[in-house]
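J.: Let me begin by handing over the structure; questions about it come next.
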Amino acid sequence: MKSLWELRVFCAVVERKSFVAAARQLGTSPSSATRAVQALEEALGGSLLARSQKQVNLTLAGESYYVSARKMLDLQEEAEDELAALSEAPRGLLRFSAPETMSHTLLPPVLARMADANPELRFDVLYSDTILDPIREKLDFSIRGAFPASSELIGYPLWDYQRHLYASPDYVARHGAPQTPEQLPEHRVVIHSAPRVLKAWNFVSAGHQLSLNLTPWHRVSSGSAVLHAVLAGLGVARLGDWLAEPLVRSGQLLRLCPDYRIVSSHGDNPQMHAVFANRRIPRKARLLLEAVRAAARDAGYGLKAR
């Protein structure tokens, strides 16, 4: 229906603050998006957007109309979701990205169970530690770890976790263990080389906090590589407790400086979460993420995080 398409384009331009970004989100061209908004303005008899070379702003009429337009689209999407819930099981392709560490932990069993329950559902999973834009990469969503970046993407939290220092028993036998974070420069620190990760490490305990800018002894390019390097005795690294604590219980890793956790510059624990480009989350994506969240809860992820 053309009028709904024009509303969708208008709302996307407002929310993305750009005709180009809105067109990319909707899978159309910027010129087509521009024509849709112009047609809407002509039908309403007034200007909704004030355009310049660098930005797009709402007019007073546009501010008022956007509220109503957003409500109309939300109602339509809710109705479609209710109909979908009564129809066939999820089917088709679900394309998303996830951190490499999830490729050998929680995600494959969840996908297997969901595929068995929904034979017409297919997955295209891009495992990468790179911060991928779901619009640019044409993804239904992107699962990310660490600290949620400020963006206009729609967030879907999965579980909170804590970061601690870990090393293998072999490494500790050969090099000893730091008793406090201040002793880390004396050790062979292994660091994830992704740009967002090479920042100060902020340590907090019940009565102490400090920030360290460490010079790594070794750098590797993925979370999985950090984990396997530490397991092999290459050095000391910071790891998420959801990934490392099962290995501590099996005797493969030791938690170092156990009274300390590593937080953001604002004192927050990291979070595993998914991001979407659109306000409307496809039913099959929501079902998968609900299954991931339930599996994480069953595995005890996030129980210690605050």
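Chain labels follow the order of the structure tokens: the first chain is A, the next B, and so on; residue numbering restarts at 1 in every chain, and ligands are counted from 1 in their shown order.
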Quick one: residues within 7 Å of region 246-257 of chain A, only C-alpha atoms counted, chain neighbours fewer than 6 positions away excluded, as JSON, numbers by chain?

T.: {"A": [164, 165, 166, 167, 168, 169, 177, 178, 179, 180, 181, 231]}

J.: Give the strand (DSSP E or B) residues of region 104-145 of chain A, as assigned by DSSP on the backbone, as a PyMOL selection string.

T.: chain A and resi 121-127+141-144

J.: Grab the residues selected above and save them as a CSV table (one decimal), in the first residue's frame with C-alpha atoms.

T.:
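As written to disk, again_11.csv reads:
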```
chain,number,residue,atom,x,y,z
A,121,LEU,CA,14.2,-22.1,8.6
A,122,ARG,CA,17.7,-21.5,7.4
A,123,PHE,CA,20.6,-19.7,9.0
A,124,ASP,CA,23.4,-17.6,7.5
A,125,VAL,CA,25.8,-16.7,10.4
A,126,LEU,CA,28.7,-14.4,10.0
A,127,TYR,CA,31.0,-15.0,13.0
A,141,PHE,CA,20.5,-8.4,13.4
A,142,SER,CA,24.0,-8.4,14.9
A,143,ILE,CA,25.0,-9.9,18.2
A,144,ARG,CA,27.7,-8.0,20.0
```

J.: Fewer than 6 positions away in the same chain doesn't count, so skip those; otherwise give me all residues within 9 Å of Arg293 (chain A), counting only C-alpha atoms, as a PyMOL selection string.

T.: chain A and resi 157-159

J.: Write to file, as a short mmCIF file (atom, residue, chain, number, x, y, z; two decimals), in the first residue's frame, the residues of the selection just made, with N, CA and C atoms.

T.:
```
data_model
loop_
_atom_site.label_atom_id
_atom_site.label_comp_id
_atom_site.auth_asym_id
_atom_site.auth_seq_id
_atom_site.Cartn_x
_atom_site.Cartn_y
_atom_site.Cartn_z
N PRO A 157 18.91 -6.74 24.75
CA PRO A 157 19.87 -7.34 25.68
C PRO A 157 19.70 -8.85 25.79
N LEU A 158 20.82 -9.55 25.90
CA LEU A 158 20.81 -11.01 26.04
C LEU A 158 21.26 -11.42 27.44
N TRP A 159 22.46 -11.02 27.85
CA TRP A 159 22.87 -11.25 29.24
C TRP A 159 24.02 -10.31 29.60
#
```

J.: Need to verify the contact set: Phe19 (chain A), 9 Å, only C-alpha atoms, exclusion of same-chain residues closer than 6 positions in sequence. Can you return it as a list in words?

T.: Val9, Ala12, Val13, Ser29, Pro30, Ser31, Ala33, Thr34 and Val56 of chain A

J.: For Leu214 (chain A), work out the shell of residues within 8 Å, counting only C-alpha atoms and skipping chain neighbours fewer than 4 positions away, then give it as an MDAnalysis selection string.

T.: chainID A and resid 184:185 200:201

J.: Atoms to include: N, CA, C and O atoms. Write the selected residues as a JSON list (two decimals), in the first residue's frame.

T.:
```json
[["chain", "number", "residue", "atom", "x", "y", "z"],
["A", 184, "LEU", "N", 50.54, -6.33, 36.72],
["A", 184, "LEU", "CA", 50.35, -6.84, 35.36],
["A", 184, "LEU", "C", 51.48, -6.47, 34.40],
["A", 184, "LEU", "O", 51.82, -7.28, 33.52],
["A", 185, "PRO", "N", 52.07, -5.25, 34.46],
["A", 185, "PRO", "CA", 53.16, -4.95, 33.54],
["A", 185, "PRO", "C", 54.34, -5.91, 33.63],
["A", 185, "PRO", "O", 55.16, -5.99, 32.70],
["A", 200, "ALA", "N", 42.08, 1.59, 27.94],
["A", 200, "ALA", "CA", 42.48, 1.39, 29.33],
["A", 200, "ALA", "C", 41.65, 0.29, 29.96],
["A", 200, "ALA", "O", 40.46, 0.14, 29.67],
["A", 201, "TRP", "N", 42.29, -0.49, 30.82],
["A", 201, "TRP", "CA", 41.59, -1.50, 31.60],
["A", 201, "TRP", "C", 41.26, -0.87, 32.94],
["A", 201, "TRP", "O", 42.15, -0.47, 33.69]]
```

J.: Given the choices A:Glu182, A:Asp298, A:Asp129, A:Asp160, which gets closest to Val263 (chain A) if the distance is worked out from only C-alpha atoms?

T.: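 Going through A:Glu182, A:Asp298, A:Asp129, A:Asp160 one by one, the smallest distance to Val263 (chain A) is for A:Asp160.
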
J.: What does the distance between CA of Ser47 (chain A) and CA of Tyr66 (chain A) come to in Å, to one decimal place?

T.: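 The value is 12.1 Å.
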
J.: Between CA of Tyr260 (chain A) and CA of Thr101 (chain A), what is the distance in Å, rounded to a tenth?

T.: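 Between CA of Tyr260 (chain A) and CA of Thr101 (chain A) the gap works out to 23.0 Å.
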
J.: Taking only C-alpha atoms into account, which of A:Pro90, A:Ser211, A:Ala232, A:Ser264 comes nearest Ala117 (chain A)?

T.: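 That would be A:Pro90, the residue with the smallest distance to Ala117 (chain A).
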
J.: What does the distance between CA of Ser205 (chain A) and CA of Phe147 (chain A) come to in Å, to one decimal place?

T.: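 CA of Phe147 (chain A) lies at a distance of 19.2 Å from CA of Ser205 (chain A).
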
J.: So which bits of region 77-255 of chain A end up helix (DSSP H, G or I) when you DSSP the backbone, as a PyMOL selection string?

T.: chain A and resi 77-86+100-104+107-117+169-175+181-186+223-231+241-249
